[in-house]
$ cat query_26.cif   # mmCIF, C-alpha atoms and all ligand atoms
data_upload
#
loop_
_atom_site.label_atom_id
_atom_site.label_comp_id
_atom_site.auth_asym_id
_atom_site.auth_seq_id
_atom_site.Cartn_x
_atom_site.Cartn_y
_atom_site.Cartn_z
CA MET A 1 -17.87 -30.46 -3.07
CA SER A 2 -17.81 -27.65 -0.53
CA LEU A 3 -15.11 -25.04 -0.66
CA GLU A 4 -13.73 -26.29 2.63
CA LYS A 5 -13.44 -29.80 1.28
CA GLU A 6 -11.76 -28.61 -1.87
CA LEU A 7 -9.30 -26.57 0.16
CA LYS A 8 -8.59 -29.49 2.46
CA GLN A 9 -7.84 -31.59 -0.54
CA ARG A 10 -5.59 -28.94 -2.02
CA SER A 11 -3.68 -28.39 1.20
CA ASP A 12 -3.66 -31.95 2.48
CA SER A 13 -5.62 -30.62 5.48
CA LYS A 14 -2.88 -28.31 6.62
CA CYS A 15 -2.74 -24.58 7.19
CA GLU A 16 -1.54 -23.28 3.84
CA ILE A 17 0.52 -20.66 5.63
CA CYS A 18 2.18 -22.40 8.58
CA SER A 19 1.32 -26.09 8.00
CA ALA A 20 -0.50 -26.46 11.32
CA GLU A 21 -3.03 -29.25 11.31
CA GLU A 22 -5.40 -28.05 13.99
CA ASN A 23 -8.17 -25.47 14.07
CA LEU A 24 -8.37 -25.03 10.36
CA GLN A 25 -10.84 -22.78 8.66
CA VAL A 26 -11.58 -21.22 5.31
CA TYR A 27 -10.29 -17.70 4.82
CA VAL A 28 -11.67 -15.88 1.82
CA VAL A 29 -9.01 -13.38 0.84
CA PRO A 30 -10.36 -9.82 0.98
CA PRO A 31 -11.68 -7.87 -0.80
CA THR A 32 -13.21 -10.95 -2.43
CA LYS A 33 -16.70 -11.65 -1.22
CA THR A 34 -17.66 -14.66 -3.25
CA GLU A 35 -16.15 -17.93 -2.19
CA SER A 36 -14.00 -19.45 -4.86
CA LEU A 37 -11.13 -21.84 -4.69
CA ASP A 38 -8.56 -19.51 -6.19
CA LYS A 39 -9.47 -16.66 -3.82
CA ALA A 40 -9.49 -18.64 -0.60
CA ILE A 41 -7.01 -20.46 1.60
CA LEU A 42 -7.23 -22.95 4.38
CA VAL A 43 -5.65 -21.46 7.50
CA CYS A 44 -5.26 -22.22 11.15
CA LYS A 45 -6.71 -20.07 13.86
CA THR A 46 -3.32 -18.65 14.84
CA CYS A 47 -2.67 -17.42 11.33
CA VAL A 48 -6.11 -16.06 10.64
CA SER A 49 -6.36 -14.16 13.91
CA GLN A 50 -3.08 -12.39 13.17
CA ILE A 51 -3.98 -11.79 9.55
CA GLU A 52 -7.13 -10.09 10.70
CA ASP A 53 -5.61 -8.19 13.59
CA PRO A 54 -2.17 -6.65 12.93
CA GLU A 55 -2.00 -5.60 16.58
CA ILE A 56 -1.41 -9.10 17.86
CA ILE A 57 1.20 -10.13 15.38
CA ASP A 58 3.82 -12.58 16.59
CA VAL A 59 6.78 -12.00 14.31
CA ASN A 60 8.35 -15.41 14.83
CA HIS A 61 5.21 -17.22 13.79
CA TRP A 62 5.57 -15.68 10.35
CA ARG A 63 8.94 -17.20 9.61
CA CYS A 64 6.77 -19.75 7.84
CA LEU A 65 6.30 -17.21 5.06
CA ASN A 66 9.68 -18.33 3.87
CA ASP A 67 7.99 -21.49 2.60
CA CYS A 68 4.43 -20.60 1.82
CA MET A 69 5.34 -17.58 -0.30
CA TRP A 70 6.43 -20.08 -2.95
CA SER A 71 3.03 -21.72 -3.06
CA GLU A 72 1.62 -22.26 -6.52
CA HIS A 73 -1.78 -21.00 -5.37
CA GLN A 74 -2.36 -17.33 -5.91
CA ALA A 75 -4.47 -16.82 -2.79
CA VAL A 76 -1.60 -18.13 -0.68
CA GLN A 77 0.82 -15.91 -2.57
CA VAL A 78 -1.38 -12.90 -1.95
CA VAL A 79 -1.67 -13.50 1.79
CA SER A 80 2.08 -14.15 2.02
CA TRP A 81 2.84 -10.96 0.17
CA ARG A 82 0.54 -8.94 2.41
CA MET A 83 2.04 -10.39 5.58
CA LEU A 84 5.58 -9.86 4.36
CA ASN A 85 4.72 -6.25 3.71
CA ARG A 86 3.30 -5.88 7.16
CA LEU A 87 6.54 -7.23 8.60
CA LYS A 88 8.75 -5.26 6.27
CA LYS A 89 10.61 -3.69 9.15
CA GLU A 90 12.12 -7.11 9.84
CA GLY A 91 15.12 -7.46 7.58
CA TRP A 92 14.38 -11.07 6.67
CA SER A 93 10.91 -10.15 5.54
CA GLN A 94 12.15 -7.44 3.24
CA ASP A 95 14.66 -9.92 1.81
CA LEU A 96 11.90 -12.40 1.06
CA LEU A 97 9.77 -9.70 -0.51
CA ASP A 98 12.63 -8.77 -2.77
CA MET A 99 12.82 -12.36 -3.94
CA MET A 100 9.12 -12.75 -4.43
CA TYR A 101 7.60 -12.44 -7.83
CA LEU A 102 3.90 -12.00 -8.46
CA ASP A 103 2.14 -11.79 -11.81
CA ASP A 104 0.75 -8.31 -12.44
CA GLU A 105 -2.79 -9.48 -11.94
CA VAL A 106 -1.96 -11.21 -8.67
CA LEU A 107 0.01 -8.21 -7.45
CA GLU A 108 -2.91 -5.95 -8.16
CA PHE A 109 -5.13 -8.22 -6.12
CA ALA A 110 -2.52 -8.33 -3.35
CA LYS A 111 -2.51 -4.55 -3.17
CA ALA A 112 -6.28 -4.24 -3.25
CA THR A 113 -6.61 -3.86 0.51
CA GLY A 114 -4.00 -1.14 0.73
CA GLU A 115 -1.44 -3.47 2.28
CA GLY A 116 2.10 -2.71 1.27
CA GLU A 117 1.47 0.95 0.68
CA ASP A 118 4.45 2.72 1.97
CA GLU A 119 4.09 6.19 3.40
CA SER A 120 7.31 7.13 1.67
CA ASP A 121 5.93 6.02 -1.69
CA LYS A 122 3.04 8.38 -1.43
CA ILE A 123 3.43 11.74 -3.05
CA VAL A 124 3.71 14.39 -0.40
CA HIS A 125 3.82 18.09 -1.23
CA ARG A 126 5.90 20.25 1.08
CA ASP A 127 6.44 23.97 1.11
CA VAL A 128 9.80 25.70 1.38
CA ASN A 129 9.93 24.92 5.09
CA GLY A 130 9.01 21.30 4.68
CA VAL A 131 5.47 21.80 5.90
CA VAL A 132 3.06 19.36 4.30
CA LEU A 133 0.63 20.99 1.89
CA GLN A 134 -2.86 19.74 1.35
CA ALA A 135 -5.50 20.54 -1.19
CA GLY A 136 -7.44 23.55 -0.03
CA ASP A 137 -4.52 25.12 1.84
CA SER A 138 -3.44 28.69 1.26
CA VAL A 139 0.13 29.60 0.44
CA VAL A 140 2.11 32.74 -0.16
CA LEU A 141 4.75 33.15 -2.86
CA ILE A 142 8.21 33.69 -1.49
CA LYS A 143 9.60 35.06 -4.72
CA ASP A 144 8.37 36.67 -7.92
CA LEU A 145 7.31 34.01 -10.35
CA LYS A 146 7.00 34.33 -14.08
CA VAL A 147 3.86 32.66 -15.22
CA LYS A 148 4.59 30.31 -18.03
CA GLY A 149 2.95 31.21 -21.30
CA SER A 150 2.04 34.74 -20.31
CA SER A 151 3.65 38.05 -19.51
CA MET A 152 2.26 37.92 -16.03
CA VAL A 153 4.51 37.92 -13.01
CA ALA A 154 3.07 36.67 -9.78
CA LYS A 155 4.64 38.86 -7.15
CA GLN A 156 6.39 37.71 -4.05
CA GLY A 157 3.96 37.91 -1.16
CA THR A 158 0.94 37.04 -3.28
CA ALA A 159 -1.41 34.77 -1.43
CA VAL A 160 -2.83 31.83 -3.31
CA ARG A 161 -5.90 30.36 -1.73
CA ARG A 162 -7.36 26.93 -2.01
CA ILE A 163 -4.52 25.29 -3.82
CA SER A 164 -4.83 21.92 -5.49
CA LEU A 165 -2.09 19.33 -5.69
CA ASP A 166 -0.47 17.72 -8.68
CA ASN A 167 -0.89 14.08 -7.79
CA ASP A 168 1.88 12.96 -10.10
CA ASN A 169 4.52 15.39 -9.00
CA PRO A 170 5.33 16.42 -5.43
CA GLU A 171 6.95 19.62 -6.67
CA TYR A 172 3.87 21.10 -8.25
CA ILE A 173 0.74 22.60 -6.87
CA GLU A 174 -1.86 24.66 -8.63
CA GLY A 175 -3.84 27.69 -7.74
CA LYS A 176 -5.34 30.92 -8.97
CA VAL A 177 -3.47 34.20 -9.14
CA ASP A 178 -5.39 37.19 -10.49
CA GLY A 179 -8.11 34.89 -11.66
CA GLN A 180 -5.66 32.86 -13.66
CA HIS A 181 -5.04 29.21 -12.99
CA ILE A 182 -1.32 28.64 -12.65
CA VAL A 183 1.12 25.97 -11.63
CA LEU A 184 3.38 26.76 -8.69
CA ILE A 185 6.53 25.10 -7.54
CA THR A 186 6.32 23.98 -3.94
CA LYS A 187 9.77 25.21 -2.96
CA TYR A 188 8.72 28.79 -3.81
CA VAL A 189 5.68 28.85 -1.58
CA LYS A 190 5.03 29.01 2.12
CA LYS A 191 1.92 27.73 3.78
CA ILE A 192 -0.14 30.37 5.56
ZN ZN B 201 -1.30 -21.33 10.23
#
$ encode --input "query_26.cif" --output "structure tokens"
Amino acid sequence: MSLEKELKQRSDSKCEICSAEENLQVYVVPPTKTESLDKAILVCKTCVSQIEDPEIIDVNHWRCLNDCMWSEHQAVQVVSWRMLNRLKKEGWSQDLLDMMYLDDEVLEFAKATGEGEDESDKIVHRDVNGVVLQAGDSVVLIKDLKVKGSSMVAKQGTAVRRISLDNDNPEYIEGKVDGQHIVLITKYVKKI
């Protein structure tokens, strides 16, 4: 049986997102490339065009997520989760997301396209003035710093070139002072 037939059987020939019965097609959930029943959904043209192009999203159309997010099929759950994330600014969508539960494996798949990544969740390093620091930037110390584990003091005004960032902690960056690799605290440096 073809994938389309299997999906039609599973969905009773309805869009698995909004229940429309017209213009249905198979949507293989990215980043999956191989067609398989558990990684594909049957969707209508309205849904798929908005899934594929966030620019044309019609918020009201997606009220249907309220129902389809509870689907037993993981591909439907994944698409619902991604769309809810895209609409997170809408209060109702955030509420639904809060209620939604995905198995770890399914959640990992849902996140695989980068959907749902929140800017505010990303670790951002900022200097004393709040300027964003990036790997490779140069900074200057704004106070004398004792270097942990040595008698060395890195003097205020010392420039540290080509810093690297601690990807686990927004308060730490690393760089070389007098040939020694040290950890610096972002609030004691200024970008130059
Ligand atoms: Zn639909």
$ closest_atom_pairs --input "query_26.cif" --of "segment 34-135 of chain A" --to "segment 178-190 of chain A" --cutoff "7 Å" --atoms "all atoms listed in the file" --output "JSON lines"
{"residue": "A:His125", "atom": "CA", "partner": "A:Thr186", "partner_atom": "CA", "distance": 6.9}
{"residue": "A:Arg126", "atom": "CA", "partner": "A:Thr186", "partner_atom": "CA", "distance": 6.3}
{"residue": "A:Asp127", "atom": "CA", "partner": "A:Thr186", "partner_atom": "CA", "distance": 5.1}
{"residue": "A:Val128", "atom": "CA", "partner": "A:Lys187", "partner_atom": "CA", "distance": 4.4}
$ residues_near_ligand --input "query_26.cif" --ligand "ligand ZN 201 (chain B)" --cutoff "7 Å" --atoms "only C-alpha atoms and all ligand atoms" --output "PyMOL selection string"
chain A and resi 15-20+43-47
$ residues_near_point --input "query_26.cif" --point "(-0.7, -11.4, 4.6)" --cutoff "9 Å" --atoms "only C-alpha atoms" --output "NGL selection string"
:A and (50-52 or 76-86 or 110 or 115)
$ closest_residue --input "query_26.cif" --among "A:Gln74, A:Asn167, A:Gln25, A:Ser150" --to "Glu108 of chain A" --atoms "only C-alpha atoms"
A:Gln74
$ residues_around --input "query_26.cif" --residues "Glu35 of chain A" --least-positions-apart "3" --cutoff "12 Å" --atoms "only C-alpha atoms" --output "number ranges by chain"
A: 2-4, 6-7, 26-32, 38-41, 75
$ residues_around --input "query_26.cif" --residues "Met99 of chain A" --least-positions-apart "2" --cutoff "12 Å" --atoms "all atoms listed in the file" --output "list of chain:residue names"
A:Asn66, A:Met69, A:Trp70, A:Trp81, A:Leu84, A:Trp92, A:Ser93, A:Gln94, A:Asp95, A:Leu96, A:Leu97, A:Tyr101, A:Leu102
$ atom_distance --input "query_26.cif" --atom1 "atom CA of Val147 of chain A" --atom2 "atom CA of Leu133 of chain A"
21.0 Å
$ atom_distance --input "query_26.cif" --atom1 "atom CA of Asn23 of chain A" --atom2 "atom CA of Pro54 of chain A"
19.8 Å
$ closest_residue --input "query_26.cif" --among "A:Val153, A:Ile173, A:Leu145, A:Leu42" --to "Ile123 of chain A" --atoms "all atoms listed in the file"
A:Ile173
$ atom_distance --input "query_26.cif" --atom1 "atom CA of Leu65 of chain A" --atom2 "atom CA of Lys33 of chain A"
24.5 Å
